[in-house]
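Visitor: One structure coming up, written as structure tokens, with questions to follow.
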Amino acid sequence: MKKDKPRIALVIGSGSVKCAAALGLMKVLERENIDVDMVVGCSGGAIYAALIALGWPVQKATDATLRMWTREVTAKRNIRAFLQLLLPQIFKFDESFGLINDRVINRRLREGFDGATFAQARIPLFVTATDLYNGEQVVMSEGSVAEAVRASISIPYIFPPHKLDGKFLVDGYLNDPLPIGVAIKEGADIIIAMGFESPYKERITSLMRYNFQISSITSNNLFKTNYAFHNLAHHFEIIPILPEFEQRISLFDTDKLPYVIKEGERVAEQQLPYIKGLLTG
Amino acid sequence: MSTYKRIALVIGSGGIKCAAAVGMWHVLQEEGIEIDSVVGCSGGSLYGTLIANHVDVSVMREQSAALWTSDIMQGYTTNLKATKDGKLRFTERSGLVNDSVLNATLKGIFRDLSFDELDMPLKIVATEMMTGEKTILSKGSLFDAIRASIAIPIIFPPWEVDGRLLIDGAASDPLPIDVAIQDGADIIIAMGFPLSYRERFRSMTAVQEQLNSIYMNNILTSTYAFYNLAHHAEIFPIIPEFDAPISMFDVDKIPDVIERGKQATRAQLPHIKRMLTSF
């Protein structure tokens, strides 16, 4: 009896601009005619998962990123948030808190994804976020891609949570920075998982930096334990692709995109023999 | 033929809820179940130490009440305001609380006790502030180890031990079952506490707490799932249930917390006993 073709999933974890390394990985997979059957993305990874699932070529995806993700998305401070911080009772502090006014990012995502819906994706797409009220993972696979991506990238304190279907959604990394579990549930046989650890600060000079340090500590530990669990539960079929950047890539270093994509290609080439072995074995 | 089974007790992070470990210890003693080693994280390190030191249950009750007084939060409100106003610069050594009361309270209970004076081996888990790595403490001063392990981020200043700046063990491993596995335990009784979620957010602190709870609970769930899979039949989870959220200084709820610890332990007793007699 002929064995069914194994279903391949691509999972792209959180990691802001570093997630563009997924485009490099995709280049290698396309060259080798390795078809991907589903794409899962979280936070920054959701942007690239969506671009890949929509079937946009690498150049178009890079251009879209450059248009969407510039410093201006965090330039407009949310005046109400500052008043809420100073006088929480009068200005009614609530769950919609975010230091940045999200109008620019919302518009950029809408324009960048050009009204795309999940139904239009050439490869089934899954985007993860976290429910602010119970910490559970929320998997989005219907409706507007821009809305789902917006929810997935709701960086705590920076962007307000995104309200979707009555839920307040925050960044997917709070639940699982590399959501391999979604690919397992969707029946993937081979999972190519690209993940990124959050960088640590060398010096802490403010409460905000302290907050970010704690965020990095907890999310890196969450990343490691989730990965260890999925790897044990589902071991030989998960191929980790972990780019290593010698240059520090900050939140808006989009000028480093070519370097990031190149690094994605490099680590993908390293793992290629293993992926091919799995496909023919 | 019977083989000796090494039993380890793991007490996870959970603030005052960790007093449930007193109830667990009570039941285990009643049943004559001997423990070979203890692992504690954050609030669990306090009770882990008392258990490893074979402190009497009635003394544990008293010490619990002495520990969780709001005096240990000295300076919190003033410092929080100073941080908002920009008058207090926050560094990696900062905390919103002036820790002198906390330190004196801990010293009053644990004095100069060191790990090697305990009646059974104890390990305490903390997290390294600058690298996020889990750190296991098993030598030297218990005060130092406990103080590091309970250093709730932002609230209490980190604590330096052997040149490393340490914070709350919950940030890396809220229920460190793996430490017991590495030490070769055959049976692991693990008491863990998921954090409760908020229904309303009326301040930035509330948002911070919620985000923390989300992280910690997800780390708790995934580490537990991992260790359970890696080591399944021999891990007995004891997760006390509480009707209402218990906040940090609900000292008057300690008797109820201890009772819940007893109930949760009794519920697992048949399984634990079966494991003990099955060889």
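Just so we're on the same page: first chain in the structure tokens is A, next is B, and so on; residues restart at 1 for each chain, and ligands are numbered from 1 in the order they show up.
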Please report as a VMD selection string which residues of chain A come no farther than 9 Å from chain B, using only C-alpha atoms.
Guide: chain A and resid 84 to 86 88 to 89 92 to 97 130 132 to 136 156 to 157 174 to 176 200 to 211 213 to 223 225 to 226 228 to 230 232 to 233
Visitor: Save the residues we just selected, C-alpha atoms, as a compact mmCIF listing (two decimals), in the first residue's frame?
Guide:
```txt
# COMPACT_ATOMS: atom_id res chain seq x y z
CA GLN A 84 -4.66 56.48 33.20
CA LEU A 85 -1.24 55.83 34.71
CA LEU A 86 -1.23 59.06 36.66
CA PRO A 88 -6.22 55.59 37.32
CA GLN A 89 -9.49 56.33 39.13
CA LYS A 92 -10.77 54.76 34.35
CA PHE A 93 -7.84 52.42 33.93
CA ASP A 94 -9.10 49.29 32.20
CA GLU A 95 -8.02 46.28 30.15
CA SER A 96 -7.66 48.35 26.97
CA PHE A 97 -4.46 49.88 28.35
CA THR A 130 -3.51 34.88 24.25
CA LEU A 132 -5.99 38.35 28.59
CA TYR A 133 -8.65 37.10 31.00
CA ASN A 134 -7.59 33.46 31.33
CA GLY A 135 -4.15 33.11 29.72
CA GLU A 136 -5.44 30.50 27.25
CA PRO A 156 2.00 44.00 26.53
CA TYR A 157 2.16 47.62 27.75
CA LEU A 174 2.42 34.93 26.59
CA ASN A 175 0.90 31.50 26.13
CA ASP A 176 3.42 29.81 23.85
CA TYR A 200 18.43 39.98 27.75
CA LYS A 201 19.42 43.44 28.85
CA GLU A 202 22.91 43.91 30.20
CA ARG A 203 21.92 46.79 32.40
CA ILE A 204 18.59 47.79 33.78
CA THR A 205 18.05 51.49 34.18
CA SER A 206 14.28 51.86 34.47
CA LEU A 207 11.18 50.06 35.67
CA MET A 208 10.11 49.54 32.05
CA ARG A 209 13.41 47.82 31.22
CA TYR A 210 13.04 45.76 34.36
CA ASN A 211 9.58 44.70 33.13
CA GLN A 213 13.80 41.72 31.41
CA ILE A 214 11.25 39.74 33.43
CA SER A 215 9.23 39.24 30.24
CA SER A 216 12.29 37.83 28.48
CA ILE A 217 13.08 35.53 31.39
CA THR A 218 9.60 34.08 31.62
CA SER A 219 9.02 33.81 27.89
CA ASN A 220 12.39 32.12 27.29
CA ASN A 221 11.65 29.61 30.01
CA LEU A 222 8.19 29.06 28.54
CA PHE A 223 9.79 28.61 25.11
CA THR A 225 9.68 23.95 28.43
CA ASN A 226 7.05 23.97 25.70
CA ALA A 228 10.94 20.18 25.45
CA PHE A 229 7.39 18.91 25.94
CA HIS A 230 6.41 18.87 22.28
CA LEU A 232 9.27 14.52 23.78
CA ALA A 233 5.63 14.00 22.89
```
Visitor: Could I get the residues of stretch 141-218 of chain A with an atom no further than 7 Å from an atom of stretch 14-20 of chain A, each paired with its nearest atom pair and that distance in Å to one decimal, using only C-alpha atoms, sorted by chain and residue number, as a Markdown table?
Guide:
```
| residue | atom | partner | partner_atom | distance |
| --- | --- | --- | --- | --- |
| A:Tyr173 | CA | A:Ser14 | CA | 6.2 |
| A:Pro177 | CA | A:Ser14 | CA | 5.4 |
| A:Leu178 | CA | A:Ser14 | CA | 6.7 |
| A:Gly195 | CA | A:Ser14 | CA | 6.9 |
| A:Phe196 | CA | A:Gly15 | CA | 5.5 |
| A:Ser198 | CA | A:Gly15 | CA | 6.9 |
```
Visitor: Select from stretch 7-36 of chain A everything DSSP, run on the backbone, classes as alpha helix (DSSP H), then give the selection as a VMD selection string.
Guide: chain A and resid 21 to 31
Visitor: Please write the residues from the selection above to a file, keeping C-alpha atoms, as an mmCIF file, in the first residue's frame.
Guide:
```
data_model
loop_
_atom_site.group_PDB
_atom_site.id
_atom_site.type_symbol
_atom_site.label_atom_id
_atom_site.label_comp_id
_atom_site.auth_asym_id
_atom_site.auth_seq_id
_atom_site.Cartn_x
_atom_site.Cartn_y
_atom_site.Cartn_z
ATOM 1 C CA ALA A 21 14.318 34.699 8.822
ATOM 2 C CA ALA A 22 11.278 32.587 7.900
ATOM 3 C CA LEU A 23 11.441 34.118 4.406
ATOM 4 C CA GLY A 24 14.973 32.732 4.051
ATOM 5 C CA LEU A 25 13.782 29.332 5.209
ATOM 6 C CA MET A 26 10.934 29.493 2.663
ATOM 7 C CA LYS A 27 13.404 30.273 -0.149
ATOM 8 C CA VAL A 28 15.268 27.055 0.609
ATOM 9 C CA LEU A 29 12.077 24.970 0.852
ATOM 10 C CA GLU A 30 10.773 26.359 -2.456
ATOM 11 C CA ARG A 31 14.070 25.671 -4.236
#
```
Visitor: For A:Ile79, which residue among A:Asn101, A:Ser250, A:Thr280, A:Gln271 is the nearest when counting only C-alpha atoms?
Guide: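 The closest residue to A:Ile79 is A:Asn101.
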Visitor: Would you list, as a PyMOL selection string, the residues of stretch 117-177 of chain A that end up in strand (DSSP E or B) under DSSP run on this structure's backbone?
Guide: chain A and resi 117+125-131+137-140+144+162-164+167-171
Visitor: Report as number ranges by chain all protein, DNA and RNA residues lying within 10 Å of B:Leu118, evaluated on only C-alpha atoms, omitting residues in the same chain fewer than 6 positions from it.
Guide: B: 49-54, 142
Visitor: How many Å lie between atom CA of A:Gly45 and atom CA of A:Asp253, rounded to one decimal?
Guide: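 Going from atom CA of A:Gly45 over to atom CA of A:Asp253, I get 15.5 Å.
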Visitor: Please identify all polymer residues within 6 Å of stretch 123-125 of chain A, counting only C-alpha atoms, omitting same-chain residues fewer than 6 positions from it, and present them as an MDAnalysis selection string.
Guide: chainID A and resid 38:40 53
Visitor: Generate a file of the selected residues that holds N, CA and C atoms, formatted as a compact mmCIF listing (two decimals), in the first residue's frame.
Guide:
```txt
# COMPACT_ATOMS: atom_id res chain seq x y z
N MET A 38 0.72 23.57 5.97
CA MET A 38 0.08 24.55 6.87
C MET A 38 1.15 25.45 7.47
N VAL A 39 0.74 26.65 7.82
CA VAL A 39 1.68 27.59 8.44
C VAL A 39 1.06 28.10 9.74
N VAL A 40 1.84 28.09 10.82
CA VAL A 40 1.37 28.59 12.11
C VAL A 40 2.29 29.73 12.52
N ALA A 53 1.74 32.15 3.82
CA ALA A 53 0.50 31.42 3.52
C ALA A 53 -0.25 32.06 2.35
```
Visitor: If we count only C-alpha atoms and set the cut-off at 12 Å, which residues sit around A:Glu186, ignoring sequence neighbours fewer than 3 positions away in its own chain? Please answer as an MDAnalysis selection string.
Guide: chainID A and resid 7:11 37:40 124:126 139 141 179:183 189:191
Visitor: One decimal, Å: what's the distance from atom CA of A:Gly172 over to atom CA of B:Ser13, could you say?
Guide: 24.1 Å
Visitor: Between atom CA of A:Ala49 and atom CA of A:Lys76, what is the distance in Å, rounded to a tenth?
Guide: 27.0 Å
Visitor: So, with only C-alpha atoms as the atoms that count, which of A:Trp69, A:Phe91, A:Phe168, A:Phe82 lies closest to A:Arg108?
Guide: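 So, comparing all the options, the nearest one is A:Trp69.
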Visitor: For stretch 239-254 of chain B, find every residue with an atom within 8 Å (counting only C-alpha atoms), except residues of its own chain fewer than 2 positions away, and show them as a PyMOL selection string.
Guide: chain B and resi 15-17+19-20+61+64-65+68-70+191-193+196+237+256-258+260-261+263-264
Visitor: With a distance cut-off of 12 Å and only C-alpha atoms, select the neighbouring residues of B:Leu46, excluding the residue or stretch itself and same-chain residues fewer than 2 positions from it, and output the selection as a PyMOL selection string.
Guide: chain B and resi 10-22+38-44+48-53+55+60+63-64+67-68+105-107+109-110+122-125+142-150
Visitor: Which of these residues is nearest to A:Val127, using only C-alpha atoms: A:Pro273, A:Gly143, A:Gly98, A:Pro258?
Guide: A:Gly143
